[in-house]
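What follows is the content of model_17.cif (mmCIF, C-alpha atoms and all ligand atoms).
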```cif
data_model
#
loop_
_atom_site.label_atom_id
_atom_site.label_comp_id
_atom_site.auth_asym_id
_atom_site.auth_seq_id
_atom_site.Cartn_x
_atom_site.Cartn_y
_atom_site.Cartn_z
CA MET X 1 -19.05 143.41 106.57
CA LYS X 2 -16.63 145.68 104.82
CA THR X 3 -13.91 147.57 106.70
CA VAL X 4 -13.33 151.24 106.03
CA TYR X 5 -10.05 152.02 107.73
CA LEU X 6 -9.71 155.72 108.58
CA ASP X 7 -7.34 155.37 111.53
CA ASN X 8 -4.03 155.73 109.71
CA ASN X 9 -2.51 158.04 112.34
CA ALA X 10 -2.70 155.03 114.70
CA THR X 11 -1.11 152.62 112.26
CA THR X 12 -1.13 151.91 108.53
CA GLN X 13 -1.52 148.88 106.33
CA PRO X 14 1.93 147.52 105.40
CA ALA X 15 2.32 148.09 101.65
CA PRO X 16 2.42 144.86 99.59
CA GLU X 17 5.72 146.01 98.03
CA VAL X 18 7.15 146.39 101.55
CA ILE X 19 6.18 142.84 102.53
CA GLU X 20 7.61 141.55 99.25
CA ALA X 21 10.92 143.35 99.87
CA MET X 22 11.12 141.89 103.41
CA MET X 23 10.37 138.22 102.63
CA PRO X 24 13.82 137.10 101.36
CA TYR X 25 15.31 138.19 104.69
CA PHE X 26 13.19 135.61 106.51
CA THR X 27 13.75 132.76 104.05
CA GLU X 28 17.09 133.05 102.22
CA ARG X 29 19.10 136.05 103.37
CA TRP X 30 18.84 135.60 107.13
CA GLY X 31 22.54 136.04 107.96
CA ASN X 32 23.91 138.34 110.64
CA PRO X 33 25.26 141.55 109.09
CA SER X 34 28.14 141.53 111.58
CA SER X 35 29.46 138.12 110.45
CA MET X 36 32.81 137.89 108.68
CA HIS X 37 31.58 135.44 106.03
CA ALA X 38 29.98 136.44 102.74
CA PHE X 39 26.55 135.07 103.78
CA GLY X 40 26.38 137.76 106.46
CA GLY X 41 28.40 140.32 104.52
CA ASN X 42 25.83 140.36 101.70
CA VAL X 43 23.15 141.20 104.23
CA ALA X 44 25.32 143.98 105.67
CA ARG X 45 25.44 145.48 102.18
CA ASP X 46 21.63 145.38 101.96
CA VAL X 47 21.35 147.13 105.34
CA ALA X 48 23.78 149.78 104.08
CA HIS X 49 21.61 150.34 100.98
CA ALA X 50 18.51 150.58 103.15
CA ARG X 51 20.21 153.15 105.36
CA GLU X 52 20.96 155.21 102.24
CA SER X 53 17.24 155.23 101.36
CA LEU X 54 16.31 156.27 104.90
CA ALA X 55 18.86 159.12 104.76
CA ASP X 56 17.71 160.13 101.28
CA PHE X 57 14.07 160.27 102.45
CA ILE X 58 14.81 163.20 104.78
CA HIS X 59 17.68 164.65 102.68
CA ALA X 60 20.31 163.80 105.31
CA GLU X 61 23.87 164.43 104.22
CA ARG X 62 25.17 160.96 105.18
CA PRO X 63 23.69 157.51 105.90
CA GLU X 64 25.71 157.37 109.15
CA GLU X 65 23.48 160.13 110.49
CA ILE X 66 20.63 157.57 110.71
CA ILE X 67 20.30 155.38 113.83
CA ILE X 68 17.83 152.53 113.36
CA GLU X 69 15.59 152.19 116.42
CA GLY X 70 12.90 149.74 117.55
CA CYS X 71 10.09 152.30 117.30
CA ALA X 72 9.50 156.04 117.47
CA THR X 73 9.05 155.94 121.23
CA GLU X 74 12.57 154.57 121.47
CA ALA X 75 13.88 157.19 119.01
CA ASP X 76 12.24 159.98 121.07
CA ASN X 77 13.64 158.56 124.33
CA HIS X 78 17.08 158.18 122.77
CA ALA X 79 17.02 161.81 121.58
CA LEU X 80 15.96 163.29 124.93
CA PHE X 81 18.01 161.11 127.27
CA GLY X 82 20.96 160.82 124.86
CA ILE X 83 21.36 164.60 124.51
CA THR X 84 20.83 165.49 128.17
CA ALA X 85 23.14 162.67 129.38
CA ALA X 86 25.95 164.36 127.44
CA TRP X 87 25.47 167.62 129.40
CA ASP X 88 27.79 168.40 132.32
CA ARG X 89 25.10 170.22 134.32
CA PRO X 90 21.31 170.54 134.49
CA GLY X 91 19.80 172.33 131.53
CA THR X 92 16.49 173.42 130.02
CA ILE X 93 14.24 171.38 127.74
CA ILE X 94 11.62 173.34 125.79
CA THR X 95 8.75 171.30 124.44
CA SER X 96 5.04 171.77 123.68
CA ARG X 97 1.95 170.91 125.69
CA VAL X 98 0.55 168.85 122.81
CA GLU X 99 3.40 166.38 122.30
CA HIS X 100 2.89 162.62 122.20
CA PRO X 101 3.47 160.78 125.52
CA ALA X 102 6.73 159.48 123.95
CA ILE X 103 8.04 163.03 124.58
CA LEU X 104 5.96 164.13 127.57
CA GLY X 105 6.87 160.99 129.55
CA PRO X 106 10.66 161.39 129.19
CA CYS X 107 10.28 165.13 129.96
CA LEU X 108 8.66 164.26 133.30
CA ARG X 109 11.63 162.02 134.09
CA LEU X 110 14.13 164.71 133.03
CA ARG X 111 12.42 167.13 135.42
CA GLU X 112 12.88 164.58 138.23
CA LEU X 113 16.55 164.39 137.26
CA GLY X 114 16.93 168.11 137.92
CA HIS X 115 16.44 169.68 134.50
CA THR X 116 13.97 172.48 133.85
CA VAL X 117 11.18 171.60 131.42
CA VAL X 118 9.12 174.35 129.79
CA GLU X 119 5.93 173.37 127.94
CA ILE X 120 4.75 175.85 125.32
CA GLY X 121 0.99 176.13 124.84
CA VAL X 122 -1.14 176.39 121.70
CA ASP X 123 -4.01 178.62 120.62
CA GLY X 124 -7.60 177.58 119.87
CA GLU X 125 -6.55 176.31 116.43
CA GLY X 126 -3.66 174.26 117.80
CA ASN X 127 -0.95 176.67 116.59
CA LEU X 128 2.19 176.93 118.75
CA ASP X 129 2.44 180.11 120.82
CA MET X 130 5.56 181.46 119.10
CA ALA X 131 5.87 184.48 121.43
CA ALA X 132 5.97 182.18 124.47
CA TYR X 133 8.47 179.97 122.64
CA GLU X 134 10.82 182.88 121.94
CA GLU X 135 10.51 184.03 125.55
CA ALA X 136 11.34 180.51 126.79
CA LEU X 137 14.42 180.40 124.55
CA ALA X 138 15.57 183.80 125.83
CA ASN X 139 15.11 182.80 129.51
CA ALA X 140 16.50 179.26 129.30
CA GLN X 141 19.34 178.50 131.73
CA GLY X 142 22.22 176.08 131.13
CA PRO X 143 22.45 173.83 128.07
CA LYS X 144 19.26 173.91 125.98
CA LEU X 145 17.28 171.30 124.09
CA VAL X 146 14.15 172.04 122.07
CA SER X 147 11.89 169.06 121.31
CA ILE X 148 8.80 170.07 119.37
CA MET X 149 6.76 167.87 117.05
CA TRP X 150 6.57 168.61 113.33
CA ALA X 151 2.88 167.64 113.04
CA ASN X 152 0.33 166.77 115.69
CA ASN X 153 -1.04 163.21 115.78
CA GLU X 154 -4.56 164.21 116.84
CA THR X 155 -5.29 167.35 114.84
CA GLY X 156 -2.71 167.06 112.06
CA VAL X 157 -1.66 170.70 112.69
CA ILE X 158 1.81 171.39 111.27
CA PHE X 159 4.15 173.48 113.40
CA PRO X 160 6.46 175.97 111.62
CA MET X 161 9.56 173.79 111.98
CA TYR X 162 11.88 176.00 109.93
CA ASP X 163 11.14 178.97 112.21
CA ILE X 164 11.23 176.88 115.38
CA ALA X 165 14.61 175.32 114.49
CA THR X 166 16.19 178.54 113.20
CA LYS X 167 15.25 180.43 116.37
CA ALA X 168 16.52 177.56 118.53
CA LYS X 169 19.86 177.46 116.72
CA ALA X 170 20.25 181.23 117.08
CA ALA X 171 19.74 180.79 120.84
CA GLY X 172 22.39 178.02 120.97
CA ALA X 173 19.90 175.17 121.55
CA ILE X 174 19.98 171.64 120.15
CA VAL X 175 16.76 170.87 118.26
CA HIS X 176 14.88 167.59 118.11
CA THR X 177 11.59 167.06 116.31
CA ASP X 178 9.17 164.16 116.56
CA ALA X 179 8.26 163.93 112.87
CA VAL X 180 6.26 160.70 113.18
CA GLN X 181 3.00 162.22 111.90
CA ALA X 182 4.67 164.39 109.26
CA ALA X 183 6.63 161.57 107.59
CA GLY X 184 5.10 160.47 104.31
CA LYS X 185 2.56 163.32 104.44
CA ILE X 186 4.72 166.40 103.92
CA GLU X 187 8.29 166.88 102.72
CA LEU X 188 10.93 166.47 105.46
CA ASP X 189 14.16 168.13 104.43
CA VAL X 190 16.92 168.39 107.03
CA SER X 191 19.25 170.01 104.45
CA ASN X 192 16.93 173.04 104.66
CA VAL X 193 15.33 172.85 108.11
CA PRO X 194 18.14 173.03 110.71
CA VAL X 195 16.98 170.36 113.17
CA ASP X 196 19.73 168.29 114.82
CA LEU X 197 17.62 165.22 115.55
CA LEU X 198 14.42 163.82 114.06
CA SER X 199 12.33 160.72 114.90
CA ILE X 200 10.15 158.64 112.56
CA ALA X 201 8.16 155.39 112.94
CA GLY X 202 7.83 152.88 110.09
CA HIS X 203 4.30 151.76 110.88
CA LYS X 204 2.77 155.20 110.29
CA MET X 205 3.94 155.06 106.68
CA HIS X 206 3.12 151.57 105.44
CA ALA X 207 6.07 149.67 106.96
CA PRO X 208 5.46 147.19 109.79
CA LYS X 209 5.30 148.04 113.48
CA GLY X 210 8.48 147.72 115.51
CA ILE X 211 10.90 149.82 113.45
CA GLY X 212 11.84 153.47 113.64
CA MET X 213 14.76 155.78 113.11
CA LEU X 214 16.52 158.70 114.71
CA TYR X 215 18.35 161.17 112.50
CA VAL X 216 21.33 162.73 114.30
CA ARG X 217 23.12 165.55 112.50
CA ARG X 218 26.88 165.02 112.25
CA GLY X 219 28.69 166.64 115.19
CA THR X 220 25.76 166.33 117.64
CA ARG X 221 26.86 164.87 121.00
CA LEU X 222 24.51 161.99 121.83
CA LYS X 223 25.04 159.24 124.41
CA PRO X 224 24.09 155.65 123.45
CA PHE X 225 20.69 154.39 124.54
CA THR X 226 21.37 150.65 124.64
CA ILE X 227 24.91 149.71 125.49
CA GLY X 228 26.13 146.43 124.06
CA GLY X 229 27.38 145.61 120.58
CA HIS X 230 29.04 147.94 118.11
CA GLN X 231 25.91 148.19 115.91
CA GLU X 232 24.66 151.64 114.87
CA ARG X 233 28.22 152.89 115.50
CA GLY X 234 27.92 152.03 119.19
CA ARG X 235 24.87 154.25 119.65
CA ARG X 236 22.33 151.40 119.80
CA GLY X 237 23.77 147.97 120.40
CA GLY X 238 21.79 144.91 119.24
CA THR X 239 21.76 142.73 116.12
CA GLU X 240 19.98 144.53 113.32
CA ASN X 241 16.35 143.67 112.51
CA VAL X 242 17.22 143.26 108.85
CA PRO X 243 13.80 142.44 107.29
CA TYR X 244 12.22 145.44 109.02
CA ILE X 245 15.06 147.77 108.10
CA VAL X 246 14.74 146.75 104.44
CA GLY X 247 10.94 147.11 104.65
CA PHE X 248 11.19 150.54 106.25
CA ALA X 249 13.55 151.71 103.50
CA LYS X 250 11.13 150.40 100.84
CA ALA X 251 8.28 152.28 102.55
CA CYS X 252 10.32 155.49 102.38
CA GLU X 253 10.99 154.97 98.66
CA LEU X 254 7.26 154.34 98.07
CA ALA X 255 6.33 157.47 100.07
CA LYS X 256 8.60 159.56 97.85
CA ALA X 257 7.05 158.09 94.71
CA SER X 258 3.56 158.59 96.11
CA HIS X 259 4.31 162.25 96.85
CA ALA X 260 5.67 162.73 93.32
CA ALA X 261 2.51 161.11 91.90
CA GLY X 262 0.30 163.65 93.71
CA ASP X 263 -1.27 161.25 96.22
CA ASP X 264 -1.11 163.95 98.93
CA ARG X 265 -3.37 166.23 96.92
CA ARG X 266 -5.81 163.41 96.19
CA MET X 267 -5.87 162.48 99.90
CA ALA X 268 -6.43 166.11 100.93
CA ALA X 269 -9.33 166.38 98.46
CA LEU X 270 -10.97 163.27 99.96
CA ARG X 271 -10.36 164.55 103.49
CA ASP X 272 -11.92 167.89 102.53
CA LYS X 273 -14.92 166.12 101.02
CA LEU X 274 -15.41 164.19 104.27
CA GLU X 275 -15.05 167.38 106.31
CA ALA X 276 -17.49 169.41 104.20
CA GLY X 277 -19.99 166.54 104.12
CA LEU X 278 -19.96 166.02 107.89
CA LEU X 279 -20.18 169.74 108.67
CA ALA X 280 -23.18 170.00 106.31
CA THR X 281 -25.05 166.96 107.63
CA CYS X 282 -24.22 167.00 111.35
CA PRO X 283 -25.45 170.19 113.04
CA ASP X 284 -23.34 171.51 115.94
CA SER X 285 -20.10 170.03 114.67
CA ARG X 286 -16.76 171.84 114.50
CA VAL X 287 -13.31 171.11 113.12
CA ASN X 288 -10.47 171.08 115.65
CA GLY X 289 -7.16 172.48 114.39
CA ASN X 290 -5.89 174.98 111.84
CA ARG X 291 -7.50 173.90 108.58
CA LEU X 292 -4.86 175.69 106.49
CA GLN X 293 -1.82 174.21 108.25
CA ARG X 294 -2.66 170.52 108.45
CA VAL X 295 -1.18 167.32 107.08
CA PRO X 296 -3.33 166.21 104.13
CA ASN X 297 -4.78 163.06 105.69
CA THR X 298 -6.20 164.21 109.04
CA LEU X 299 -9.61 165.50 110.09
CA ASN X 300 -10.38 166.05 113.78
CA ILE X 301 -14.04 166.92 114.25
CA SER X 302 -16.17 167.41 117.37
CA PHE X 303 -19.83 166.52 117.46
CA GLU X 304 -21.09 168.64 120.33
CA TYR X 305 -23.14 167.26 123.25
CA ILE X 306 -22.20 163.60 122.63
CA GLU X 307 -19.34 161.28 123.56
CA GLY X 308 -16.80 160.47 120.87
CA GLU X 309 -16.47 156.92 122.16
CA SER X 310 -20.16 156.10 121.59
CA VAL X 311 -19.87 157.46 118.07
CA LEU X 312 -16.80 155.25 117.51
CA TYR X 313 -18.61 152.14 118.76
CA HIS X 314 -21.54 152.75 116.46
CA LEU X 315 -19.31 153.56 113.49
CA SER X 316 -17.51 150.30 114.22
CA ASP X 317 -20.84 148.48 113.75
CA PHE X 318 -20.69 149.69 110.14
CA GLY X 319 -17.05 148.57 109.82
CA ILE X 320 -15.76 152.15 110.01
CA CYS X 321 -12.50 152.57 111.98
CA ALA X 322 -11.63 155.99 113.42
CA SER X 323 -10.39 157.11 116.83
CA SER X 324 -10.82 159.63 119.60
CA GLY X 325 -8.01 161.12 121.67
CA SER X 326 -9.65 160.26 124.98
CA ALA X 327 -7.85 157.98 127.39
CA CYS X 328 -9.38 155.86 130.09
CA ALA X 329 -8.08 157.12 133.43
CA ALA X 330 -9.35 155.92 136.82
CA GLY X 331 -12.40 154.34 135.20
CA SER X 332 -13.62 157.48 133.48
CA LEU X 333 -12.86 158.89 130.04
CA GLU X 334 -10.39 161.76 130.12
CA PRO X 335 -10.55 164.11 127.16
CA SER X 336 -7.39 164.32 125.09
CA HIS X 337 -4.64 166.61 126.42
CA VAL X 338 -4.30 168.07 122.93
CA ILE X 339 -7.94 169.09 122.61
CA ARG X 340 -7.91 170.45 126.17
CA ALA X 341 -4.74 172.49 125.51
CA MET X 342 -6.60 174.12 122.61
CA GLY X 343 -9.34 175.30 124.94
CA VAL X 344 -12.09 173.54 122.96
CA PRO X 345 -15.45 174.29 124.67
CA PHE X 346 -16.73 171.79 127.24
CA THR X 347 -19.67 170.75 125.06
CA ALA X 348 -17.29 169.65 122.29
CA VAL X 349 -14.30 168.32 124.22
CA HIS X 350 -15.71 164.82 124.72
CA GLY X 351 -17.14 164.46 121.23
CA SER X 352 -13.95 164.71 119.20
CA ILE X 353 -13.25 162.09 116.55
CA ARG X 354 -10.17 161.71 114.39
CA PHE X 355 -10.49 160.40 110.87
CA SER X 356 -7.12 159.76 109.24
CA LEU X 357 -6.80 158.68 105.61
CA SER X 358 -4.02 156.99 103.66
CA ARG X 359 -3.04 156.86 100.02
CA TYR X 360 -5.16 153.70 99.77
CA THR X 361 -8.38 155.50 100.84
CA THR X 362 -10.99 155.61 98.07
CA GLU X 363 -13.82 158.04 97.32
CA GLU X 364 -16.29 155.19 97.72
CA GLU X 365 -15.08 154.72 101.31
CA ILE X 366 -15.54 158.41 102.07
CA ASP X 367 -19.06 158.26 100.61
CA TYR X 368 -19.78 155.25 102.83
CA VAL X 369 -18.77 157.23 105.95
CA LEU X 370 -20.84 160.19 104.79
CA GLN X 371 -23.79 157.85 104.40
CA HIS X 372 -23.56 156.36 107.93
CA CYS X 373 -21.88 158.89 110.25
CA PRO X 374 -24.70 161.49 110.25
CA GLU X 375 -27.27 158.86 111.28
CA VAL X 376 -24.98 157.67 114.10
CA VAL X 377 -24.54 161.26 115.35
CA ALA X 378 -28.29 161.90 115.15
CA LYS X 379 -29.01 158.69 117.09
CA MET X 380 -26.52 159.63 119.85
CA ARG X 381 -27.93 163.15 120.07
CA ALA X 382 -31.45 161.74 120.49
CA MET X 383 -30.18 159.99 123.64
CA SER X 384 -27.96 162.80 124.95
CA PRO X 385 -28.93 164.38 128.29
CA PHE X 386 -27.23 167.61 127.11
CA VAL X 387 -29.60 168.16 124.18
CA LYS X 388 -33.08 169.67 124.63
CA HIS X 389 -35.58 167.18 123.17
N1 LIG Y 401 5.11 160.34 118.28
C1 LIG Y 401 3.94 160.56 117.67
C2 LIG Y 401 3.61 161.95 117.23
C3 LIG Y 401 3.05 159.51 117.45
O1 LIG Y 401 1.89 159.75 116.85
C4 LIG Y 401 3.40 158.22 117.89
C5 LIG Y 401 2.44 157.10 117.73
O2 LIG Y 401 1.24 157.29 117.70
C6 LIG Y 401 4.64 158.04 118.52
C7 LIG Y 401 5.47 159.11 118.69
C8 LIG Y 401 5.07 156.69 119.03
O3 LIG Y 401 5.24 155.77 118.00
P1 LIG Y 401 5.46 154.22 118.34
O4 LIG Y 401 4.24 153.76 119.05
O5 LIG Y 401 5.66 153.58 117.03
O6 LIG Y 401 6.64 154.11 119.21
#
```
Would you mind writing the structure in this file as C-alpha cells?
Amino acid sequence: MKTVYLDNNATTQPAPEVIEAMMPYFTERWGNPSSMHAFGGNVARDVAHARESLADFIHAERPEEIIIEGCATEADNHALFGITAAWDRPGTIITSRVEHPAILGPCLRLRELGHTVVEIGVDGEGNLDMAAYEEALANAQGPKLVSIMWANNETGVIFPMYDIATKAKAAGAIVHTDAVQAAGKIELDVSNVPVDLLSIAGHKMHAPKGIGMLYVRRGTRLKPFTIGGHQERGRRGGTENVPYIVGFAKACELAKASHAAGDDRRMAALRDKLEAGLLATCPDSRVNGNRLQRVPNTLNISFEYIEGESVLYHLSDFGICASSGSACAAGSLEPSHVIRAMGVPFTAVHGSIRFSLSRYTTEEEIDYVLQHCPEVVAKMRAMSPFVKH
C-alpha cells in the first residue's frame, strides 16, 4: 500500500541531500571538534561553517548568536529557564494559551518558582488577543519575558511577531519566540523582527530528529542550561553532535533554496485544493484557524459530529497519515487545548484533523486524499450517535 504522508508538522522526511552531507561525519570525519590535532580541528571548521549557515538562515548578525541544542524542547527550556535564572527577583512571563507543551510546561514550573505567568487568549480564528497582550505588558511587575510562538503547530496560524516583539521591547521586556512551525515555511528575519531569542527544530524542516537551535541576540543575559564543557561558549556543555549539526545546516540551506524556487506557493496551492475539495465533499465541515494568516502547508479541518481519531484510523487504512490534536488523558480523549482555546463549537471540537504538507507533497497525493477522505467521513457519520439517521 502506498503512503501519503501529510503529517509534516509532526516530523518531516530527512532530505536526501541532508543525509548525504551527514555521512562523512560517521565514516571519515568523526573527530572531536575540541581536539588540538588537525583531525579534530578540521571538524571544528566544518561546525563553524554549519553555524554560519544556521545564523544566515534567520539573518542573525553573528554565528556566535546560535546555540546548538538537542531539540526544540531543549531550546525552549533553555530560553525560559536561562533568562529567568539571570533575574535577581521574581518577574512576569507573558505567553499564549496555545503554545506547545515545550513552553507551557516550563511556564508551570516558573509559576511554582514564584514568577507570575500570564497566558494571552486567542479569538475564534486563533488570532492572538492583542489588546489583552498590551494590557499584560502594561501591568507586568518586575523583570519581563515574553514567549509567544511565531506560528501555531495545530492550526498553522501566524502571530504578528513584528508587532508582538516591538511592543515588548518598548515595554522593556525580553522576547523569545518558538519558531519551530514557522521555520522553512515563512521568512524568519531577526535583523528586522526584534526578538531576542528564537527556537527551531531540525526535524520539522527535513533534518533528522534530535537537533535544534536557540538564537540569542548579542547582549542578552542567559544562564547556561547544561553545565559542563566549554562548548557553545559555555552555554551548553557537551561534545558537539557534528553529523546532525552539519545536516541541520544543510537543511537550512535547502529551505532557503526551496523558498526562492517558489515551493511555498506550490505547497499553499495544493493545501488550498485539499481544503476546497474537502469542504465541497464533506458536509458540516469547517476550517479551524485564520485562513489568511497561515503557514502555507497546514490545514486544520473539523468534521462535525464525529471523532477525529476514528477518521485518522480509517485514513491510515488507505496509507494516509495525518493527525489530530487530541491527547489521551485518564483513558479518554481530551480535545486539543488549541482548538478549545479558540472556542470551537462542541460538535466540532472532537472531529478536528490536521493535514500538513511538505515541499515533497504531490498533486497526485492530494487527489488520493480527496478520493478517500469523503467516504471515510460519510462512513463515520453513518455510525455517529450525534447525527439524525
Ligand atoms: N514547539 C512547537 C511549536 C512544536 O510544534 C514542537 C514539536 O512538535 C516543539 C516545540 C518541540 O519540538 P521537539 O519535539 O523537536 O523538541
Counting all atoms listed in the file, what residues are within 6 Å of ligand LIG 401 (chain Y), given as a ChimeraX atom specification? /X:10,71-73,100,102,153,178,180-181,201
Residues at most 12 Å from Cys107 in chain X, counting only C-alpha atoms, excluding those fewer than 3 positions away in the same chain, as a count of residues only? 32
Please produce, as CSV, a per-residue contact table for range 39-114 of chain X versus range 219-242 of chain X (criterion: any atom at most 12 Å away, only C-alpha atoms considered), showing the nearest atom pair and its distance in Å to one decimal, sorted by chain then residue number.
```
residue,atom,partner,partner_atom,distance
X:Gly40,CA,X:Val242,CA,10.9
X:Asn42,CA,X:Val242,CA,11.6
X:Val43,CA,X:Val242,CA,7.8
X:Ala44,CA,X:Val242,CA,8.7
X:Arg45,CA,X:Val242,CA,10.8
X:Asp46,CA,X:Val242,CA,8.5
X:Val47,CA,X:Val242,CA,6.7
X:Ala48,CA,X:Val242,CA,10.4
X:His49,CA,X:Val242,CA,11.5
X:Ala50,CA,X:Val242,CA,9.4
X:Arg51,CA,X:Glu232,CA,10.6
X:Pro63,CA,X:Glu232,CA,10.8
X:Glu64,CA,X:Glu232,CA,8.2
X:Glu65,CA,X:Gly219,CA,9.6
X:Ile66,CA,X:Glu232,CA,8.3
X:Ile67,CA,X:Glu232,CA,5.8
X:Ile68,CA,X:Glu232,CA,7.1
X:Glu69,CA,X:Arg236,CA,7.6
X:Gly70,CA,X:Asn241,CA,8.6
X:Cys71,CA,X:Asn241,CA,11.7
X:Glu74,CA,X:Phe225,CA,8.7
X:Ala75,CA,X:Phe225,CA,9.2
X:Asp76,CA,X:Phe225,CA,10.7
X:Asn77,CA,X:Phe225,CA,8.2
X:His78,CA,X:Phe225,CA,5.5
X:Ala79,CA,X:Leu222,CA,7.5
X:Leu80,CA,X:Leu222,CA,9.2
X:Phe81,CA,X:Phe225,CA,7.7
X:Gly82,CA,X:Lys223,CA,4.4
X:Ile83,CA,X:Leu222,CA,4.9
X:Thr84,CA,X:Leu222,CA,8.1
X:Ala85,CA,X:Lys223,CA,6.3
X:Ala86,CA,X:Lys223,CA,6.0
X:Trp87,CA,X:Arg221,CA,8.9
X:Asp88,CA,X:Arg221,CA,11.9
```
Spatial neighbours of Glu363 in chain X, 9 Å, all atoms listed in the file, chain gap at least 3 places, as a ChimeraX atom specification: /X:270,273,366-368
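Across the structure, CA of Arg354 in chain X and CA of Leu312 in chain X are spaced 9.8 Å apart.
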Contacts of Phe303 in chain X at 12 Å (all atoms listed in the file; same-chain gap of 3+ positions) as a VMD selection string: chain X and resid 278 to 279 281 to 288 300 306 to 312 324 344 to 354 373 to 374 376 to 378 380 to 381 384 387
Restrict the selected residues to C-alpha atoms and save them as a CSV table (one decimal), in the coordinates of the input.
```csv
chain,number,residue,atom,x,y,z
X,278,LEU,CA,-20.0,166.0,107.9
X,279,LEU,CA,-20.2,169.7,108.7
X,281,THR,CA,-25.0,167.0,107.6
X,282,CYS,CA,-24.2,167.0,111.4
X,283,PRO,CA,-25.4,170.2,113.0
X,284,ASP,CA,-23.3,171.5,115.9
X,285,SER,CA,-20.1,170.0,114.7
X,286,ARG,CA,-16.8,171.8,114.5
X,287,VAL,CA,-13.3,171.1,113.1
X,288,ASN,CA,-10.5,171.1,115.6
X,300,ASN,CA,-10.4,166.0,113.8
X,306,ILE,CA,-22.2,163.6,122.6
X,307,GLU,CA,-19.3,161.3,123.6
X,308,GLY,CA,-16.8,160.5,120.9
X,309,GLU,CA,-16.5,156.9,122.2
X,310,SER,CA,-20.2,156.1,121.6
X,311,VAL,CA,-19.9,157.5,118.1
X,312,LEU,CA,-16.8,155.2,117.5
X,324,SER,CA,-10.8,159.6,119.6
X,344,VAL,CA,-12.1,173.5,123.0
X,345,PRO,CA,-15.4,174.3,124.7
X,346,PHE,CA,-16.7,171.8,127.2
X,347,THR,CA,-19.7,170.8,125.1
X,348,ALA,CA,-17.3,169.6,122.3
X,349,VAL,CA,-14.3,168.3,124.2
X,350,HIS,CA,-15.7,164.8,124.7
X,351,GLY,CA,-17.1,164.5,121.2
X,352,SER,CA,-14.0,164.7,119.2
X,353,ILE,CA,-13.2,162.1,116.6
X,354,ARG,CA,-10.2,161.7,114.4
X,373,CYS,CA,-21.9,158.9,110.2
X,374,PRO,CA,-24.7,161.5,110.2
X,376,VAL,CA,-25.0,157.7,114.1
X,377,VAL,CA,-24.5,161.3,115.4
X,378,ALA,CA,-28.3,161.9,115.2
X,380,MET,CA,-26.5,159.6,119.8
X,381,ARG,CA,-27.9,163.2,120.1
X,384,SER,CA,-28.0,162.8,125.0
X,387,VAL,CA,-29.6,168.2,124.2
```
For a cutoff of 10 Å around the file-coordinate point (8.9, 152.3, 99.9), which residues qualify once you count all atoms listed in the file? I'd like the result as an MDAnalysis selection string. chainID X and resid 15:18 21 53:54 57 205:207 246:258
Let's have the selection written as a PDB file, in the frame of the given file, with C-alpha atoms.
```
ATOM      1  CA  ALA X  15       2.320 148.090 101.650  1.00  0.00           C
ATOM      2  CA  PRO X  16       2.420 144.860  99.590  1.00  0.00           C
ATOM      3  CA  GLU X  17       5.720 146.010  98.030  1.00  0.00           C
ATOM      4  CA  VAL X  18       7.150 146.390 101.550  1.00  0.00           C
ATOM      5  CA  ALA X  21      10.920 143.350  99.870  1.00  0.00           C
ATOM      6  CA  SER X  53      17.240 155.230 101.360  1.00  0.00           C
ATOM      7  CA  LEU X  54      16.310 156.270 104.900  1.00  0.00           C
ATOM      8  CA  PHE X  57      14.070 160.270 102.450  1.00  0.00           C
ATOM      9  CA  MET X 205       3.940 155.060 106.680  1.00  0.00           C
ATOM     10  CA  HIS X 206       3.120 151.570 105.440  1.00  0.00           C
ATOM     11  CA  ALA X 207       6.070 149.670 106.960  1.00  0.00           C
ATOM     12  CA  VAL X 246      14.740 146.750 104.440  1.00  0.00           C
ATOM     13  CA  GLY X 247      10.940 147.110 104.650  1.00  0.00           C
ATOM     14  CA  PHE X 248      11.190 150.540 106.250  1.00  0.00           C
ATOM     15  CA  ALA X 249      13.550 151.710 103.500  1.00  0.00           C
ATOM     16  CA  LYS X 250      11.130 150.400 100.840  1.00  0.00           C
ATOM     17  CA  ALA X 251       8.280 152.280 102.550  1.00  0.00           C
ATOM     18  CA  CYS X 252      10.320 155.490 102.380  1.00  0.00           C
ATOM     19  CA  GLU X 253      10.990 154.970  98.660  1.00  0.00           C
ATOM     20  CA  LEU X 254       7.260 154.340  98.070  1.00  0.00           C
ATOM     21  CA  ALA X 255       6.330 157.470 100.070  1.00  0.00           C
ATOM     22  CA  LYS X 256       8.600 159.560  97.850  1.00  0.00           C
ATOM     23  CA  ALA X 257       7.050 158.090  94.710  1.00  0.00           C
ATOM     24  CA  SER X 258       3.560 158.590  96.110  1.00  0.00           C
TER      25      SER X 258
END
```
Point out the residue among X:Met149, X:Leu315, X:Ala260, X:Val4 with the least atom-to-atom distance to Tyr162 in chain X, counting all atoms listed in the file. X:Met149
Take the point (-4.6, 174.9, 122.8) as written in the file and pick out every residue within 9 Å of it, counting only C-alpha atoms; give the list as a ChimeraX atom specification. /X:97-98,121-129,338-344
